[in-house]
Amino acid sequence: ATAQDSNKFKIGLILPMTGQQASTGRQIEAAARLYMAQNGDTVAGKKIELIVKDDVATPDVTKRLAQELIVNDKVNVIAGFGVTPAALAAAPLATQSKTPQVVMAAATSSITEASPYIVRTSFTLPQVSVAMGDWAPKNGVKTVVTLVADYGPGNDAEKFFSERFQLNGGKVIEKLRVPLRNPDFAPFLQKVRDAKPDALFVFVPSGAGAAVMKQFLERGMDKAGIRMIATGDVTDDDQLNDMGEGALGVVTSHHYSAAHPSAANKKFVEAFQKANPKMRPNFMAVGGYDGMRVIYEALKATKGQGGGDALLAAMKGQIFESPRGPVYIDAQTRDIVQDVYLRKVEKKDGQLYNVEFDVIKGVKDPGKAK
Ligand code: DHB
C-alpha cells in the first residue's frame, strides 16, 4: 500500500451486475451510493472508496475478484454477494486474510458459519419462512405443495416452512424443486394443478418472481382454487408493480416492504427514488444500505485505526433502526435479528405494494438453533 492508500478506506463490493441476478446488483449498488451521498465519503479521517466488481453471480468469478480485491487493491472490507454460492466462495479468503465480509443479499442460513469474518445484513430464509408456516394453517390453508429454487435458500425455505406448517397440522402433499438457471415453471405448475392443494408455497430468488407469477396466472391456478403463498422474494418490490392485478391478494412473509409505514422508511424510499427515478427500492437495497451503515459505524468506532479484527468486533452487536424496522447484529452468530412481517399485495395510490398486516418481533435465524 502507498502512503496515499493509508488515508483511504476501501470497500470491495462484489455484485451480480449482469445476468439473471442483475437486479440485485443494481439495487445494492444504488443503495450503497445513496448511503454514501447521505453520510459523506470521509469517515474517521479516511476517504471511503467503493470498488464495484461484477461477478455475474458465478462463484469462480466471485473467488477471483475477492482475491484480487484483497491482495492487489488491499481493500479493508469485502461486501455484497448476491447469491449464496458467491458468498460461500469468498468465505475462505475472508478467513485467511482476516478481512470482514459483509453479506448484503445472500440468505442461506449456514453462510455465517462459513467464516468467522462474515457479518450479514440481509436475512435468512428460515427467518421468514417459519412465519408463513404459522400463518397459513390459521387462514384456511390445510394442504400445500412447495415449489422452490433448487439450491441453498430454496432448500432452507422448503424445510423450515414445511416443518412449521406440519407442526401446526398442515399437510405437505409434494415438494418440487426447480433449477436455479433459466427455470421453466410450466411442467411444475402442471403437477401442482393435478395435486390440487389449498395453496402453493413458493421461493425463488429476487428477479425470478415475475416469471412464476405470470405462469401461475396464465395457467389459471388461482381460478382452479389454488392460492399462492410465498416468501417476499416472489413479490419483490423491484418487479411487483409490473406483475398486474392478478398479484392482488397474494400473502407473503418477509423482512422488508417499500410500503413499511415508518418515518425512516418513507425518508429512505423518497431519497432512493429521487436518486433513481425508475426504481423502487427492494429488500436487496435495504440489505446494501444497512451493510454500509454497519461498515461506516465500525470505522467510526475504531477511529479509522482498525484492522480486520477490530472492525469485525465493532460490527458485532450494532443496534439501529433500519428502513425495515428495528434490527441488531447478533454478536454470537453475526446474523441480523429483525422483525418479520406478513403482507398482502394491495393497490395503493394506483400502484401494487406489499402491505404489512402483522408482525413477529425480533426474529433470530431459526437455522442456528441447534
Ligand atoms: C438468495 C438470492 C436471492 O435473490 C434471494 O431473494 C434470496 C436468497 C441467495 O442466493 O442466497
# chains A, B, ... in the order shown; residues from 1 in each chain; ligands from 1

$ select_by_dssp --residues "segment 168-370 of chain A" --states "strand (DSSP E)" --output "NGL selection string"
:A and (171-178 or 199-203 or 227-231 or 251-254 or 319-322 or 325-329 or 336-348 or 351-363)

$ residues_near_ligand --ligand "ligand 1" --cutoff "9 Å" --atoms "only C-alpha atoms and all ligand atoms" --output "mmCIF file with C-alpha atoms, in the first residue's frame"
data_model
loop_
_atom_site.group_PDB
_atom_site.id
_atom_site.type_symbol
_atom_site.label_atom_id
_atom_site.label_comp_id
_atom_site.auth_asym_id
_atom_site.auth_seq_id
_atom_site.Cartn_x
_atom_site.Cartn_y
_atom_site.Cartn_z
ATOM 1 C CA GLN A 21 -29.368 -11.759 -10.869
ATOM 2 C CA SER A 23 -31.451 -6.554 -10.415
ATOM 3 C CA THR A 24 -29.810 -7.484 -7.091
ATOM 4 C CA ALA A 57 -23.361 -14.459 -9.630
ATOM 5 C CA PHE A 81 -22.678 -11.229 -2.533
ATOM 6 C CA GLY A 82 -25.901 -11.528 -4.493
ATOM 7 C CA VAL A 83 -26.308 -15.292 -4.185
ATOM 8 C CA THR A 84 -25.366 -17.985 -1.694
ATOM 9 C CA PRO A 85 -22.701 -19.748 -3.829
ATOM 10 C CA ALA A 86 -20.916 -16.384 -4.253
ATOM 11 C CA ALA A 87 -20.910 -15.679 -0.501
ATOM 12 C CA ALA A 105 -28.009 -10.226 -0.121
ATOM 13 C CA ALA A 106 -27.381 -13.984 0.132
ATOM 14 C CA ALA A 107 -29.711 -15.661 2.609
ATOM 15 C CA THR A 108 -28.971 -19.354 3.208
ATOM 16 C CA SER A 109 -28.842 -19.887 6.973
ATOM 17 C CA ILE A 111 -23.494 -18.764 5.313
ATOM 18 C CA SER A 122 -29.811 -9.328 4.594
ATOM 19 C CA PHE A 123 -31.947 -12.073 6.180
ATOM 20 C CA THR A 124 -32.265 -15.845 6.231
ATOM 21 C CA LEU A 125 -34.889 -17.999 4.554
ATOM 22 C CA TYR A 151 -30.150 -24.520 -4.036
ATOM 23 C CA GLY A 152 -29.318 -23.327 -0.512
ATOM 24 C CA PRO A 153 -32.029 -20.739 0.165
ATOM 25 C CA GLY A 154 -34.731 -22.794 -1.579
ATOM 26 C CA PHE A 203 -39.488 -19.419 -3.018
ATOM 27 C CA VAL A 204 -37.488 -18.161 -5.995
ATOM 28 C CA PRO A 205 -34.644 -15.649 -5.763
ATOM 29 C CA SER A 206 -35.080 -11.941 -6.398
ATOM 30 C CA GLY A 207 -35.639 -11.319 -10.106
ATOM 31 C CA ALA A 208 -37.468 -14.606 -10.819
ATOM 32 C CA THR A 231 -41.650 -15.515 0.823
ATOM 33 C CA GLY A 232 -41.398 -11.854 -0.176
ATOM 34 C CA ASP A 233 -38.671 -12.690 -2.688
ATOM 35 C CA VAL A 234 -41.516 -13.547 -5.090
ATOM 36 C CA ASP A 236 -40.173 -8.370 -4.949
ATOM 37 C CA PHE A 283 -35.149 -5.850 0.219
ATOM 38 C CA MET A 284 -31.788 -6.093 -1.546
#

$ select_by_dssp --residues "segment 9-209 of chain A" --states "helix (DSSP H, G or I)" --output "count of residues only"
92

$ closest_atom_pairs --of "segment 92-123 of chain A" --to "segment 287-310 of chain A" --cutoff "8 Å" --atoms "only C-alpha atoms" --output "Markdown table"
| residue | atom | partner | partner_atom | distance |
| --- | --- | --- | --- | --- |
| A:Lys98 | CA | A:Gly308 | CA | 5.4 |
| A:Thr99 | CA | A:Gly308 | CA | 5.0 |
| A:Pro100 | CA | A:Gly308 | CA | 5.8 |
| A:Val102 | CA | A:Gly291 | CA | 6.5 |
| A:Val103 | CA | A:Gly291 | CA | 7.6 |
| A:Met104 | CA | A:Gly287 | CA | 4.7 |
| A:Ala105 | CA | A:Gly287 | CA | 6.2 |
| A:Arg120 | CA | A:Gly291 | CA | 7.8 |
| A:Thr121 | CA | A:Gly287 | CA | 5.2 |
| A:Ser122 | CA | A:Gly287 | CA | 4.6 |

$ write_last_selection --atoms "N, CA and C atoms" --output "mmCIF file, in the first residue's frame"
data_model
loop_
_atom_site.group_PDB
_atom_site.id
_atom_site.type_symbol
_atom_site.label_atom_id
_atom_site.label_comp_id
_atom_site.auth_asym_id
_atom_site.auth_seq_id
_atom_site.Cartn_x
_atom_site.Cartn_y
_atom_site.Cartn_z
ATOM 1 N N LYS A 98 -8.214 -12.296 7.169
ATOM 2 C CA LYS A 98 -8.844 -11.560 8.280
ATOM 3 C C LYS A 98 -9.538 -10.288 7.791
ATOM 4 N N THR A 99 -10.252 -10.428 6.676
ATOM 5 C CA THR A 99 -10.995 -9.299 6.103
ATOM 6 C C THR A 99 -12.482 -9.464 6.395
ATOM 7 N N PRO A 100 -13.113 -8.492 7.045
ATOM 8 C CA PRO A 100 -14.560 -8.612 7.246
ATOM 9 C C PRO A 100 -15.293 -8.762 5.914
ATOM 10 N N VAL A 102 -19.057 -8.531 4.513
ATOM 11 C CA VAL A 102 -20.429 -8.120 4.823
ATOM 12 C C VAL A 102 -21.367 -8.649 3.741
ATOM 13 N N VAL A 103 -22.182 -9.635 4.122
ATOM 14 C CA VAL A 103 -23.121 -10.259 3.179
ATOM 15 C C VAL A 103 -24.420 -9.452 3.183
ATOM 16 N N MET A 104 -24.691 -8.788 2.053
ATOM 17 C CA MET A 104 -25.815 -7.859 1.943
ATOM 18 C C MET A 104 -27.043 -8.464 1.274
ATOM 19 N N ALA A 105 -26.893 -9.660 0.651
ATOM 20 C CA ALA A 105 -28.009 -10.226 -0.121
ATOM 21 C C ALA A 105 -28.245 -11.712 0.187
ATOM 22 N N ARG A 120 -23.828 -10.510 8.448
ATOM 23 C CA ARG A 120 -24.903 -10.470 7.444
ATOM 24 C C ARG A 120 -25.922 -9.378 7.753
ATOM 25 N N THR A 121 -26.269 -8.603 6.719
ATOM 26 C CA THR A 121 -27.294 -7.561 6.875
ATOM 27 C C THR A 121 -28.536 -7.824 6.013
ATOM 28 N N SER A 122 -28.630 -9.024 5.408
ATOM 29 C CA SER A 122 -29.811 -9.328 4.594
ATOM 30 C C SER A 122 -30.879 -9.996 5.456
#

$ atom_distance --atom1 "atom CA of Glu245 of chain A" --atom2 "atom CA of Tyr353 of chain A"
11.1 Å
